[in-house]
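Each remark here refers to the structure printed beneath this line.
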Amino acid sequence: MKKIIVYHEKTTAELDKQEKSILKSIRNDEKMIKNCDRLICVAQHTLNTFHKAISIDKNKAVIVHNALQDEYKKVTDIRKEQLKEKYFLNRETKVIVFAGRLDEVKGINFLLQAFQKVIETHPDSHLFIAGEGHFNPLLEQCGYSCTKVSFTGRLDKNSYSNYIIWQIWELLVLCMKNLVL
């Protein structure tokens with residue numbers, strides 16, 4: 001069986017409330033952006049959104065990705081078990097990590113909905129959410145899975161907690177709700 005992915009560009013009428021708000025904000029900044037010497041975006045889809053929304057000159061734009069040095073250090077299974085114990089997790093617990101701003105545009109709401117489905121079939125899972133933002137509404141959204149979700153707040157790259165979380169995860173989630181015009 002083949003999987004078919006259909007790419008669909010939304011019309012303005014199909015945008016949800018938050019997407020319309022983002023589009024309005026971009027259009028409000030149009031004059032300022034057009035008068036800038038350079039526009040710096042952190043991702044290609046952001047640049048594409050600006051280009052479609054206000055027809056900026058792509059030659060004036062540059063992409064500078066968010067960057068952290070990529071480091072890998074092998075962790076033994078025994079060490080993982082010891083680290084999981086620090087968070088009162090069983091050694092069988094599958095650790096899922098999301099790191100990013102606690103914002104709908106980052107896909108956090110979708111992640112929480114998906115995680116509720118994950119724990120129905122994998123009840124030994126735990127989700128760590130690392131990032132700044134308003135977590136109270138997200139905690140409410142967790143519902144019955146709230147005991148399986150930990151909000152860490154923003155973790156400094158060199159903090160001990162950050163070090164532990166990055167050593168025990170089995171799945172790293174990268175999700176974003178893209179605005180497509």
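By order of appearance in the structure tokens: chains A, B, ..., then residues from 1 within every chain, and ligands from 1 in the order shown.
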Among segment 122-162 of chain A, which ones does DSSP place in strand (DSSP E), written as a ChimeraX atom specification?
/A:125-130,149-153
Which residues, written as a list in words, have at least one atom at most 12 Å from Asn136 of chain A, with only C-alpha atoms counted and residues fewer than 3 positions away on the same chain left out?
Leu102, Glu132, Gly133, Leu139, Glu140, Gln141, Cys142, Gly143, Cys146, Phe151 and Gly153 of chain A
Go through A:Ser125, A:Asn109, A:Ser55, A:Asn28 one by one, measure the shortest atom-to-atom distance of each to Arg91 of chain A using only C-alpha atoms, and give the residue with the smallest value.
A:Ser125
Near-Asn48 of chain A list (12 Å; only C-alpha atoms; drop same-chain fewer than 3 positions) as a PyMOL selection string
chain A and resi 41-45+51-58+61-63+178-181
I want to know what sits within 10 Å of Ile33 of chain A, based on only C-alpha atoms, with residues of the same chain fewer than 6 positions away left out; could you give that as a PDB file with all heavy atoms, in the first residue's frame?
ATOM      1  N   ILE A  26       1.853  40.256   9.903  1.00  0.00           N
ATOM      2  CA  ILE A  26       2.828  40.370   8.808  1.00  0.00           C
ATOM      3  C   ILE A  26       2.468  41.526   7.895  1.00  0.00           C
ATOM      4  O   ILE A  26       3.315  42.333   7.529  1.00  0.00           O
ATOM      5  CB  ILE A  26       2.904  39.051   8.005  1.00  0.00           C
ATOM      6  CG1 ILE A  26       3.555  37.957   8.847  1.00  0.00           C
ATOM      7  CG2 ILE A  26       3.681  39.246   6.697  1.00  0.00           C
ATOM      8  CD1 ILE A  26       3.464  36.568   8.227  1.00  0.00           C
ATOM      9  N   ARG A  27       1.203  41.623   7.551  1.00  0.00           N
ATOM     10  CA  ARG A  27       0.772  42.699   6.641  1.00  0.00           C
ATOM     11  C   ARG A  27       0.907  44.073   7.297  1.00  0.00           C
ATOM     12  O   ARG A  27       1.197  45.059   6.622  1.00  0.00           O
ATOM     13  CB  ARG A  27      -0.644  42.433   6.159  1.00  0.00           C
ATOM     14  CG  ARG A  27      -0.665  41.260   5.179  1.00  0.00           C
ATOM     15  CD  ARG A  27      -1.979  41.095   4.486  1.00  0.00           C
ATOM     16  NE  ARG A  27      -1.875  40.038   3.485  1.00  0.00           N
ATOM     17  CZ  ARG A  27      -2.851  39.206   3.192  1.00  0.00           C
ATOM     18  NH1 ARG A  27      -4.010  39.309   3.795  1.00  0.00           N
ATOM     19  NH2 ARG A  27      -2.682  38.283   2.282  1.00  0.00           N
ATOM     20  N   LEU A  39      16.104  41.177   5.429  1.00  0.00           N
ATOM     21  CA  LEU A  39      15.132  40.495   6.274  1.00  0.00           C
ATOM     22  C   LEU A  39      15.753  39.154   6.652  1.00  0.00           C
ATOM     23  O   LEU A  39      16.149  38.394   5.783  1.00  0.00           O
ATOM     24  CB  LEU A  39      13.807  40.262   5.538  1.00  0.00           C
ATOM     25  CG  LEU A  39      12.773  39.426   6.280  1.00  0.00           C
ATOM     26  CD1 LEU A  39      12.294  40.145   7.540  1.00  0.00           C
ATOM     27  CD2 LEU A  39      11.603  39.089   5.384  1.00  0.00           C
ATOM     28  N   PHE A  50       6.463  35.116   4.305  1.00  0.00           N
ATOM     29  CA  PHE A  50       6.627  36.550   4.064  1.00  0.00           C
ATOM     30  C   PHE A  50       6.518  36.856   2.579  1.00  0.00           C
ATOM     31  O   PHE A  50       5.869  37.821   2.173  1.00  0.00           O
ATOM     32  CB  PHE A  50       7.976  37.045   4.596  1.00  0.00           C
ATOM     33  CG  PHE A  50       7.969  37.411   6.052  1.00  0.00           C
ATOM     34  CD1 PHE A  50       8.661  36.645   6.974  1.00  0.00           C
ATOM     35  CD2 PHE A  50       7.269  38.523   6.506  1.00  0.00           C
ATOM     36  CE1 PHE A  50       8.661  36.975   8.325  1.00  0.00           C
ATOM     37  CE2 PHE A  50       7.258  38.862   7.841  1.00  0.00           C
ATOM     38  CZ  PHE A  50       7.961  38.080   8.753  1.00  0.00           C
ATOM     39  N   ILE A  54       3.448  39.307   1.445  1.00  0.00           N
ATOM     40  CA  ILE A  54       3.709  40.710   1.094  1.00  0.00           C
ATOM     41  C   ILE A  54       4.661  40.877  -0.084  1.00  0.00           C
ATOM     42  O   ILE A  54       5.134  41.971  -0.346  1.00  0.00           O
ATOM     43  CB  ILE A  54       4.254  41.489   2.314  1.00  0.00           C
ATOM     44  CG1 ILE A  54       5.551  40.886   2.833  1.00  0.00           C
ATOM     45  CG2 ILE A  54       3.208  41.590   3.403  1.00  0.00           C
ATOM     46  CD1 ILE A  54       6.182  41.674   3.970  1.00  0.00           C
ATOM     47  N   ILE A  56       7.827  40.165  -0.738  1.00  0.00           N
ATOM     48  CA  ILE A  56       9.135  40.775  -0.509  1.00  0.00           C
ATOM     49  C   ILE A  56      10.137  40.243  -1.526  1.00  0.00           C
ATOM     50  O   ILE A  56       9.952  39.179  -2.101  1.00  0.00           O
ATOM     51  CB  ILE A  56       9.667  40.495   0.919  1.00  0.00           C
ATOM     52  CG1 ILE A  56       9.902  38.992   1.120  1.00  0.00           C
ATOM     53  CG2 ILE A  56       8.775  41.063   1.977  1.00  0.00           C
ATOM     54  CD1 ILE A  56      10.826  38.697   2.260  1.00  0.00           C
ATOM     55  N   LYS A  60      16.621  40.178  -0.858  1.00  0.00           N
ATOM     56  CA  LYS A  60      16.879  40.965   0.356  1.00  0.00           C
ATOM     57  C   LYS A  60      16.816  40.102   1.610  1.00  0.00           C
ATOM     58  O   LYS A  60      17.154  40.561   2.695  1.00  0.00           O
ATOM     59  CB  LYS A  60      15.834  42.081   0.506  1.00  0.00           C
ATOM     60  CG  LYS A  60      16.051  43.263  -0.395  1.00  0.00           C
ATOM     61  CD  LYS A  60      14.982  44.329  -0.248  1.00  0.00           C
ATOM     62  CE  LYS A  60      14.510  44.621   1.139  1.00  0.00           C
ATOM     63  NZ  LYS A  60      13.647  45.793   1.259  1.00  0.00           N
TER      64      LYS A  60
END
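Proximity of A:Phe135, A:Lys31, A:Ala99, A:Asn90 to Leu155 of chain A, computed with only C-alpha atoms, is greatest for A:Ala99.
Interatomic distance, atom CA of Ala114 of chain A against atom CA of Ile96 of chain A: 11.8 Å.
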Need the shell around Val75 of chain A: protein/DNA/RNA residues with any atom at most 9 Å away, counting only C-alpha atoms. Skip same-chain ones fewer than 4 positions apart. Format as a ChimeraX atom specification?
/A:79-80,167-168
For the residues in the current selection, export all heavy atoms as a JSON list (two decimals), in the first residue's frame.
[["chain", "number", "residue", "atom", "x", "y", "z"],
["A", 79, "ARG", "N", 23.18, 3.49, 32.81],
["A", 79, "ARG", "CA", 23.17, 4.92, 33.14],
["A", 79, "ARG", "C", 21.79, 5.53, 32.87],
["A", 79, "ARG", "O", 21.30, 6.33, 33.65],
["A", 79, "ARG", "CB", 24.25, 5.66, 32.35],
["A", 79, "ARG", "CG", 24.34, 7.13, 32.63],
["A", 79, "ARG", "CD", 24.80, 7.42, 34.04],
["A", 79, "ARG", "NE", 24.91, 8.87, 34.23],
["A", 79, "ARG", "CZ", 24.58, 9.49, 35.34],
["A", 79, "ARG", "NH1", 24.19, 8.81, 36.38],
["A", 79, "ARG", "NH2", 24.69, 10.79, 35.42],
["A", 80, "LYS", "N", 21.14, 5.13, 31.77],
["A", 80, "LYS", "CA", 19.79, 5.61, 31.47],
["A", 80, "LYS", "C", 18.82, 5.24, 32.59],
["A", 80, "LYS", "O", 18.00, 6.05, 33.01],
["A", 80, "LYS", "CB", 19.27, 5.03, 30.15],
["A", 80, "LYS", "CG", 19.70, 5.78, 28.93],
["A", 80, "LYS", "CD", 18.97, 5.24, 27.72],
["A", 80, "LYS", "CE", 19.41, 5.97, 26.48],
["A", 80, "LYS", "NZ", 18.70, 5.52, 25.29],
["A", 167, "GLN", "N", 19.70, 12.69, 27.81],
["A", 167, "GLN", "CA", 20.34, 11.37, 27.84],
["A", 167, "GLN", "C", 19.34, 10.23, 27.97],
["A", 167, "GLN", "O", 19.71, 9.08, 27.74],
["A", 167, "GLN", "CB", 21.35, 11.32, 28.98],
["A", 167, "GLN", "CG", 22.49, 12.26, 28.73],
["A", 167, "GLN", "CD", 23.76, 11.82, 29.39],
["A", 167, "GLN", "OE1", 23.83, 10.80, 30.03],
["A", 167, "GLN", "NE2", 24.79, 12.59, 29.21],
["A", 168, "ILE", "N", 18.10, 10.52, 28.33],
["A", 168, "ILE", "CA", 17.15, 9.42, 28.56],
["A", 168, "ILE", "C", 16.02, 9.35, 27.53],
["A", 168, "ILE", "O", 15.19, 8.45, 27.59],
["A", 168, "ILE", "CB", 16.54, 9.49, 29.99],
["A", 168, "ILE", "CG1", 15.74, 10.77, 30.20],
["A", 168, "ILE", "CG2", 17.61, 9.30, 31.03],
["A", 168, "ILE", "CD1", 15.00, 10.83, 31.54]]
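Taking atom CA of Lys20 of chain A as the reference point, atom CA of Cys36 of chain A is found at 24.0 Å.
The space separating atom CA of Glu92 of chain A from atom CA of Thr121 of chain A comes to 14.3 Å.
For the set A:Ile129, A:Ile22, A:Leu112, A:Val149, the residue with the smallest atom-to-atom gap to Thr49 of chain A is A:Ile22, counting only C-alpha atoms.
Counting only C-alpha atoms and comparing A:His122, A:Ala130, A:Ser21, A:Ile40, the residue that lies closest to Trp166 of chain A is A:Ala130.
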